[in-house]
Amino acid sequence: MEKRVKDSYAEQVQVLTQANINGYNRLFGGQLMEWIDIVAAVVARRHSNHNVTTAVVDTLSFQAPAYPNDTIIICGYITYVGRTSMEVCTKAYVESLDGKRHLINTAYLVMVALDENEKPVEVPRLILETDEEKSEWAAAEKRARLRKQRRKENF
């Protein structure tokens with residue numbers, strides 16, 4: 001079975017409240033990380049049709065702050081699939097009242113699909129339709145090779 005990138009795309013919307021703000025009156029990074037993990041899990045579940053677990057947070061890049069009452073949009077999509085794993089890219093934006101979005105975070109997470117016994121299970125192949133999707137796949141292949149290399153060096 002194969003699926004398209006758009007088949008598993010997900011978005012989450014949050015309005016920042018005081019409960020999500022750190023001592024510097026900015027979005028608490030750990031809160032954003034939690035939201036990113038949830039979006040990545042939804043994307044991976046949609047792609048695999050299985051429960052998933054987070055295996056690796058490969059990159060998590062904070063690029064700009066967010067403040068109380070900001071609207072945060074987190075978008076997630078599949079960039080690469082292995083046999084049982086999926087790389088998901090999330091991008092977090094602050095959306096202004098006129099609808100313009102400003103990127104505040106980019107993250108790449110590796111999720112693994114699990115069967116009913118919590119064992120890794122094969123995932124559908126990915127259909128790449130656009131040049132951007134093909135470019136993301138090529139970059140993801142490089143990240144996957146680097147992750148494998150790091151694992152070998154650490155064990």
# chains A, B, ... in the order shown; residues from 1 in each chain; ligands from 1
$ select_by_dssp --residues "range 67-139 of chain A" --states "alpha helix (DSSP H)" --output "PyMOL selection string"
chain A and resi 131-139
$ residues_around --residues "Val52 in chain A" --least-positions-apart "4" --cutoff "12 Å" --atoms "only C-alpha atoms" --output "compact mmCIF listing (two decimals) with N, CA, C and O atoms, in the first residue's frame"
# COMPACT_ATOMS: atom_id res chain seq x y z
N ASP A 37 5.24 17.02 19.35
CA ASP A 37 5.20 15.56 19.46
C ASP A 37 3.80 15.03 19.16
O ASP A 37 3.64 14.00 18.49
N ILE A 38 2.78 15.73 19.61
CA ILE A 38 1.40 15.32 19.35
C ILE A 38 1.09 15.41 17.86
O ILE A 38 0.53 14.48 17.27
N VAL A 39 1.46 16.53 17.23
CA VAL A 39 1.21 16.68 15.79
C VAL A 39 1.95 15.59 15.01
O VAL A 39 1.38 14.97 14.11
N ALA A 40 3.20 15.34 15.35
CA ALA A 40 3.98 14.30 14.66
C ALA A 40 3.32 12.94 14.82
O ALA A 40 3.26 12.15 13.87
N ALA A 41 2.80 12.66 16.01
CA ALA A 41 2.14 11.37 16.24
C ALA A 41 0.86 11.25 15.40
O ALA A 41 0.59 10.19 14.83
N VAL A 42 0.11 12.32 15.29
CA VAL A 42 -1.11 12.29 14.48
C VAL A 42 -0.75 12.02 13.02
O VAL A 42 -1.37 11.18 12.35
N VAL A 43 0.26 12.71 12.51
CA VAL A 43 0.70 12.50 11.13
C VAL A 43 1.10 11.04 10.92
O VAL A 43 0.67 10.39 9.96
N ALA A 44 1.92 10.52 11.81
CA ALA A 44 2.41 9.15 11.67
C ALA A 44 1.29 8.12 11.82
O ALA A 44 1.27 7.12 11.11
N ARG A 45 0.34 8.38 12.72
CA ARG A 45 -0.80 7.47 12.86
C ARG A 45 -1.64 7.46 11.59
O ARG A 45 -2.10 6.42 11.14
N ARG A 46 -1.85 8.64 11.00
CA ARG A 46 -2.63 8.72 9.77
C ARG A 46 -1.93 7.99 8.64
O ARG A 46 -2.57 7.34 7.81
N HIS A 47 -0.61 8.11 8.58
CA HIS A 47 0.12 7.45 7.50
C HIS A 47 0.14 5.93 7.69
O HIS A 47 -0.10 5.18 6.75
N SER A 48 0.39 5.50 8.92
CA SER A 48 0.59 4.06 9.16
C SER A 48 -0.67 3.29 9.50
O SER A 48 -0.68 2.06 9.41
N THR A 84 9.61 0.43 9.09
CA THR A 84 8.64 0.60 10.18
C THR A 84 8.63 2.02 10.73
O THR A 84 7.83 2.34 11.60
N SER A 85 9.51 2.86 10.23
CA SER A 85 9.63 4.21 10.76
C SER A 85 9.21 5.25 9.74
O SER A 85 9.18 5.00 8.53
N MET A 86 8.90 6.42 10.26
CA MET A 86 8.47 7.55 9.43
C MET A 86 9.14 8.80 9.99
O MET A 86 9.14 9.00 11.20
N GLU A 87 9.70 9.63 9.11
CA GLU A 87 10.19 10.92 9.55
C GLU A 87 9.09 11.93 9.29
O GLU A 87 8.51 11.97 8.21
N LEU A 109 11.07 14.62 13.48
CA LEU A 109 10.93 13.54 14.45
C LEU A 109 10.81 12.22 13.70
O LEU A 109 10.22 12.17 12.61
N VAL A 110 11.33 11.16 14.29
CA VAL A 110 11.17 9.82 13.73
C VAL A 110 10.19 9.07 14.61
O VAL A 110 10.38 8.96 15.82
N MET A 111 9.13 8.59 13.97
CA MET A 111 8.08 7.85 14.66
C MET A 111 8.10 6.41 14.16
O MET A 111 8.37 6.17 12.97
N VAL A 112 7.81 5.46 15.03
CA VAL A 112 7.77 4.05 14.67
C VAL A 112 6.34 3.54 14.87
O VAL A 112 5.74 3.77 15.92
N ALA A 113 5.84 2.85 13.84
CA ALA A 113 4.49 2.27 13.91
C ALA A 113 4.54 0.98 14.74
O ALA A 113 5.48 0.19 14.62
N LEU A 114 3.51 0.78 15.56
CA LEU A 114 3.45 -0.38 16.45
C LEU A 114 2.19 -1.19 16.20
O LEU A 114 1.11 -0.63 16.01
N ASP A 115 2.34 -2.52 16.28
CA ASP A 115 1.16 -3.39 16.16
C ASP A 115 0.47 -3.49 17.51
O ASP A 115 0.86 -2.81 18.48
N GLU A 116 -0.53 -4.35 17.61
CA GLU A 116 -1.31 -4.48 18.85
C GLU A 116 -0.48 -5.02 20.01
O GLU A 116 -0.87 -4.90 21.17
N ASN A 117 0.70 -5.62 19.72
CA ASN A 117 1.60 -6.11 20.77
C ASN A 117 2.75 -5.15 21.03
O ASN A 117 3.75 -5.52 21.65
N GLU A 118 2.63 -3.93 20.50
CA GLU A 118 3.64 -2.89 20.62
C GLU A 118 4.97 -3.27 19.99
O GLU A 118 6.04 -2.85 20.45
N LYS A 119 4.91 -4.04 18.92
CA LYS A 119 6.09 -4.41 18.13
C LYS A 119 6.06 -3.59 16.84
O LYS A 119 4.99 -3.34 16.29
N PRO A 120 7.24 -3.18 16.34
CA PRO A 120 7.26 -2.42 15.09
C PRO A 120 6.58 -3.17 13.95
O PRO A 120 6.67 -4.39 13.84
N VAL A 121 5.86 -2.41 13.14
CA VAL A 121 5.09 -2.97 12.04
C VAL A 121 5.38 -2.15 10.78
O VAL A 121 5.64 -0.95 10.86
N GLU A 122 5.34 -2.79 9.61
CA GLU A 122 5.63 -2.10 8.36
C GLU A 122 4.64 -0.98 8.09
O GLU A 122 3.46 -1.08 8.45
N VAL A 123 5.15 0.07 7.45
CA VAL A 123 4.33 1.23 7.11
C VAL A 123 4.19 1.33 5.59
O VAL A 123 5.03 0.82 4.85
$ residues_around --residues "Thr71 in chain A" --least-positions-apart "3" --cutoff "7 Å" --atoms "only C-alpha atoms" --output "VMD selection string"
chain A and resid 14 to 16 94 to 95
$ residues_around --residues "range 137-145 of chain A" --least-positions-apart "5" --cutoff "9 Å" --atoms "only C-alpha atoms" --output "JSON list (two decimals) with all heavy atoms, in the first residue's frame"
[["chain", "number", "residue", "atom", "x", "y", "z"],
["A", 58, "ASP", "N", 15.14, 14.41, 15.85],
["A", 58, "ASP", "CA", 16.39, 14.61, 15.11],
["A", 58, "ASP", "C", 16.82, 16.07, 15.16],
["A", 58, "ASP", "O", 17.97, 16.38, 15.39],
["A", 58, "ASP", "CB", 16.21, 14.14, 13.67],
["A", 58, "ASP", "CG", 17.53, 14.09, 12.93],
["A", 58, "ASP", "OD1", 18.20, 15.13, 12.84],
["A", 58, "ASP", "OD2", 17.89, 13.01, 12.42],
["A", 79, "THR", "N", 8.00, 13.16, 5.64],
["A", 79, "THR", "CA", 9.06, 13.48, 4.69],
["A", 79, "THR", "C", 9.75, 12.23, 4.16],
["A", 79, "THR", "O", 10.37, 12.26, 3.10],
["A", 79, "THR", "CB", 10.13, 14.38, 5.34],
["A", 79, "THR", "OG1", 10.63, 13.73, 6.50],
["A", 79, "THR", "CG2", 9.55, 15.74, 5.70],
["A", 80, "TYR", "N", 9.64, 11.12, 4.92],
["A", 80, "TYR", "CA", 10.42, 9.91, 4.58],
["A", 80, "TYR", "C", 9.81, 8.73, 5.32],
["A", 80, "TYR", "O", 9.33, 8.88, 6.45],
["A", 80, "TYR", "CB", 11.87, 10.11, 5.02],
["A", 80, "TYR", "CG", 12.79, 8.96, 4.78],
["A", 80, "TYR", "CD1", 13.34, 8.75, 3.52],
["A", 80, "TYR", "CD2", 13.14, 8.09, 5.80],
["A", 80, "TYR", "CE1", 14.22, 7.70, 3.29],
["A", 80, "TYR", "CE2", 14.01, 7.04, 5.59],
["A", 80, "TYR", "CZ", 14.55, 6.84, 4.33],
["A", 80, "TYR", "OH", 15.40, 5.80, 4.10],
["A", 81, "VAL", "N", 9.84, 7.57, 4.70],
["A", 81, "VAL", "CA", 9.45, 6.34, 5.39],
["A", 81, "VAL", "C", 10.52, 5.28, 5.20],
["A", 81, "VAL", "O", 11.13, 5.17, 4.13],
["A", 81, "VAL", "CB", 8.07, 5.80, 4.93],
["A", 81, "VAL", "CG1", 6.97, 6.78, 5.23],
["A", 81, "VAL", "CG2", 8.08, 5.44, 3.46],
["A", 87, "GLU", "N", 9.70, 9.63, 9.11],
["A", 87, "GLU", "CA", 10.19, 10.92, 9.55],
["A", 87, "GLU", "C", 9.09, 11.93, 9.29],
["A", 87, "GLU", "O", 8.51, 11.97, 8.21],
["A", 87, "GLU", "CB", 11.46, 11.33, 8.81],
["A", 87, "GLU", "CG", 12.01, 12.64, 9.36],
["A", 87, "GLU", "CD", 13.16, 13.19, 8.56],
["A", 87, "GLU", "OE1", 12.90, 13.81, 7.51],
["A", 87, "GLU", "OE2", 14.31, 13.01, 8.99],
["A", 128, "LEU", "N", 5.64, 10.40, -3.74],
["A", 128, "LEU", "CA", 6.16, 11.77, -3.82],
["A", 128, "LEU", "C", 5.62, 12.40, -5.08],
["A", 128, "LEU", "O", 5.86, 11.92, -6.18],
["A", 128, "LEU", "CB", 7.68, 11.75, -3.83],
["A", 128, "LEU", "CG", 8.33, 11.04, -2.64],
["A", 128, "LEU", "CD1", 9.83, 10.93, -2.83],
["A", 128, "LEU", "CD2", 7.99, 11.76, -1.34],
["A", 132, "GLU", "N", 9.08, 19.69, -4.14],
["A", 132, "GLU", "CA", 9.36, 19.93, -2.72],
["A", 132, "GLU", "C", 9.36, 18.62, -1.93],
["A", 132, "GLU", "O", 10.23, 18.40, -1.09],
["A", 132, "GLU", "CB", 8.34, 20.90, -2.13],
["A", 132, "GLU", "CG", 8.63, 21.26, -0.69],
["A", 132, "GLU", "CD", 7.64, 22.24, -0.09],
["A", 132, "GLU", "OE1", 6.97, 22.96, -0.85],
["A", 132, "GLU", "OE2", 7.55, 22.28, 1.14],
["A", 150, "ARG", "N", 25.45, 7.54, 13.64],
["A", 150, "ARG", "CA", 25.58, 7.91, 15.06],
["A", 150, "ARG", "C", 25.26, 6.74, 15.98],
["A", 150, "ARG", "O", 25.91, 6.55, 17.01],
["A", 150, "ARG", "CB", 24.68, 9.10, 15.39],
["A", 150, "ARG", "CG", 25.21, 10.42, 14.88],
["A", 150, "ARG", "CD", 24.46, 11.61, 15.49],
["A", 150, "ARG", "NE", 23.04, 11.58, 15.26],
["A", 150, "ARG", "CZ", 22.41, 12.29, 14.32],
["A", 150, "ARG", "NH1", 23.09, 13.07, 13.51],
["A", 150, "ARG", "NH2", 21.11, 12.21, 14.18]]
$ atom_distance --atom1 "CA of Arg151 in chain A" --atom2 "CA of Tyr108 in chain A"
17.1 Å
$ residues_around --residues "Leu103 in chain A" --least-positions-apart "2" --cutoff "9 Å" --atoms "only C-alpha atoms" --output "PyMOL selection string"
chain A and resi 63-64+91-95+101+105-106
$ closest_atom_pairs --of "range 38-69 of chain A" --to "range 28-32 of chain A" --cutoff "10 Å" --atoms "only C-alpha atoms" --output "CSV"
residue,atom,partner,partner_atom,distance
A:Ile38,CA,A:Leu32,CA,9.9
A:Phe62,CA,A:Gly29,CA,8.3
A:Pro65,CA,A:Gly29,CA,9.2
A:Ala66,CA,A:Phe28,CA,8.9
A:Tyr67,CA,A:Phe28,CA,9.5
$ closest_residue --among "A:Arg125, A:Lys134, A:Lys3, A:Arg26" --to "Gly82 in chain A" --atoms "only C-alpha atoms"
A:Arg125
$ decode --residues "range 31-44 of chain A" --atoms "N, CA, C and O atoms" --output "mmCIF file, in the first residue's frame"
data_model
loop_
_atom_site.group_PDB
_atom_site.id
_atom_site.type_symbol
_atom_site.label_atom_id
_atom_site.label_comp_id
_atom_site.auth_asym_id
_atom_site.auth_seq_id
_atom_site.Cartn_x
_atom_site.Cartn_y
_atom_site.Cartn_z
ATOM 1 N N GLN A 31 6.579 23.280 26.301
ATOM 2 C CA GLN A 31 5.179 23.196 25.874
ATOM 3 C C GLN A 31 5.106 23.036 24.365
ATOM 4 O O GLN A 31 4.352 22.211 23.853
ATOM 5 N N LEU A 32 5.895 23.828 23.638
ATOM 6 C CA LEU A 32 5.912 23.698 22.181
ATOM 7 C C LEU A 32 6.381 22.308 21.778
ATOM 8 O O LEU A 32 5.821 21.698 20.857
ATOM 9 N N MET A 33 7.377 21.778 22.483
ATOM 10 C CA MET A 33 7.856 20.423 22.172
ATOM 11 C C MET A 33 6.745 19.389 22.345
ATOM 12 O O MET A 33 6.615 18.465 21.542
ATOM 13 N N GLU A 34 5.938 19.537 23.393
ATOM 14 C CA GLU A 34 4.812 18.616 23.605
ATOM 15 C C GLU A 34 3.831 18.697 22.434
ATOM 16 O O GLU A 34 3.396 17.668 21.902
ATOM 17 N N TRP A 35 3.474 19.917 22.037
ATOM 18 C CA TRP A 35 2.537 20.071 20.926
ATOM 19 C C TRP A 35 3.107 19.489 19.636
ATOM 20 O O TRP A 35 2.393 18.860 18.866
ATOM 21 N N ILE A 36 4.398 19.697 19.401
ATOM 22 C CA ILE A 36 5.056 19.154 18.206
ATOM 23 C C ILE A 36 4.980 17.633 18.208
ATOM 24 O O ILE A 36 4.681 17.006 17.185
ATOM 25 N N ASP A 37 5.244 17.018 19.354
ATOM 26 C CA ASP A 37 5.198 15.555 19.456
ATOM 27 C C ASP A 37 3.798 15.030 19.159
ATOM 28 O O ASP A 37 3.637 13.998 18.493
ATOM 29 N N ILE A 38 2.783 15.730 19.615
ATOM 30 C CA ILE A 38 1.398 15.320 19.350
ATOM 31 C C ILE A 38 1.090 15.413 17.862
ATOM 32 O O ILE A 38 0.532 14.480 17.273
ATOM 33 N N VAL A 39 1.460 16.527 17.228
ATOM 34 C CA VAL A 39 1.207 16.677 15.789
ATOM 35 C C VAL A 39 1.947 15.594 15.006
ATOM 36 O O VAL A 39 1.383 14.966 14.106
ATOM 37 N N ALA A 40 3.204 15.342 15.354
ATOM 38 C CA ALA A 40 3.976 14.302 14.658
ATOM 39 C C ALA A 40 3.319 12.935 14.825
ATOM 40 O O ALA A 40 3.256 12.145 13.867
ATOM 41 N N ALA A 41 2.803 12.659 16.005
ATOM 42 C CA ALA A 41 2.136 11.371 16.240
ATOM 43 C C ALA A 41 0.865 11.251 15.400
ATOM 44 O O ALA A 41 0.590 10.192 14.828
ATOM 45 N N VAL A 42 0.105 12.322 15.294
ATOM 46 C CA VAL A 42 -1.111 12.287 14.476
ATOM 47 C C VAL A 42 -0.751 12.015 13.015
ATOM 48 O O VAL A 42 -1.369 11.181 12.351
ATOM 49 N N VAL A 43 0.262 12.706 12.510
ATOM 50 C CA VAL A 43 0.697 12.499 11.125
ATOM 51 C C VAL A 43 1.102 11.044 10.918
ATOM 52 O O VAL A 43 0.666 10.391 9.958
ATOM 53 N N ALA A 44 1.922 10.525 11.812
ATOM 54 C CA ALA A 44 2.412 9.150 11.674
ATOM 55 C C ALA A 44 1.287 8.124 11.820
ATOM 56 O O ALA A 44 1.267 7.115 11.113
#
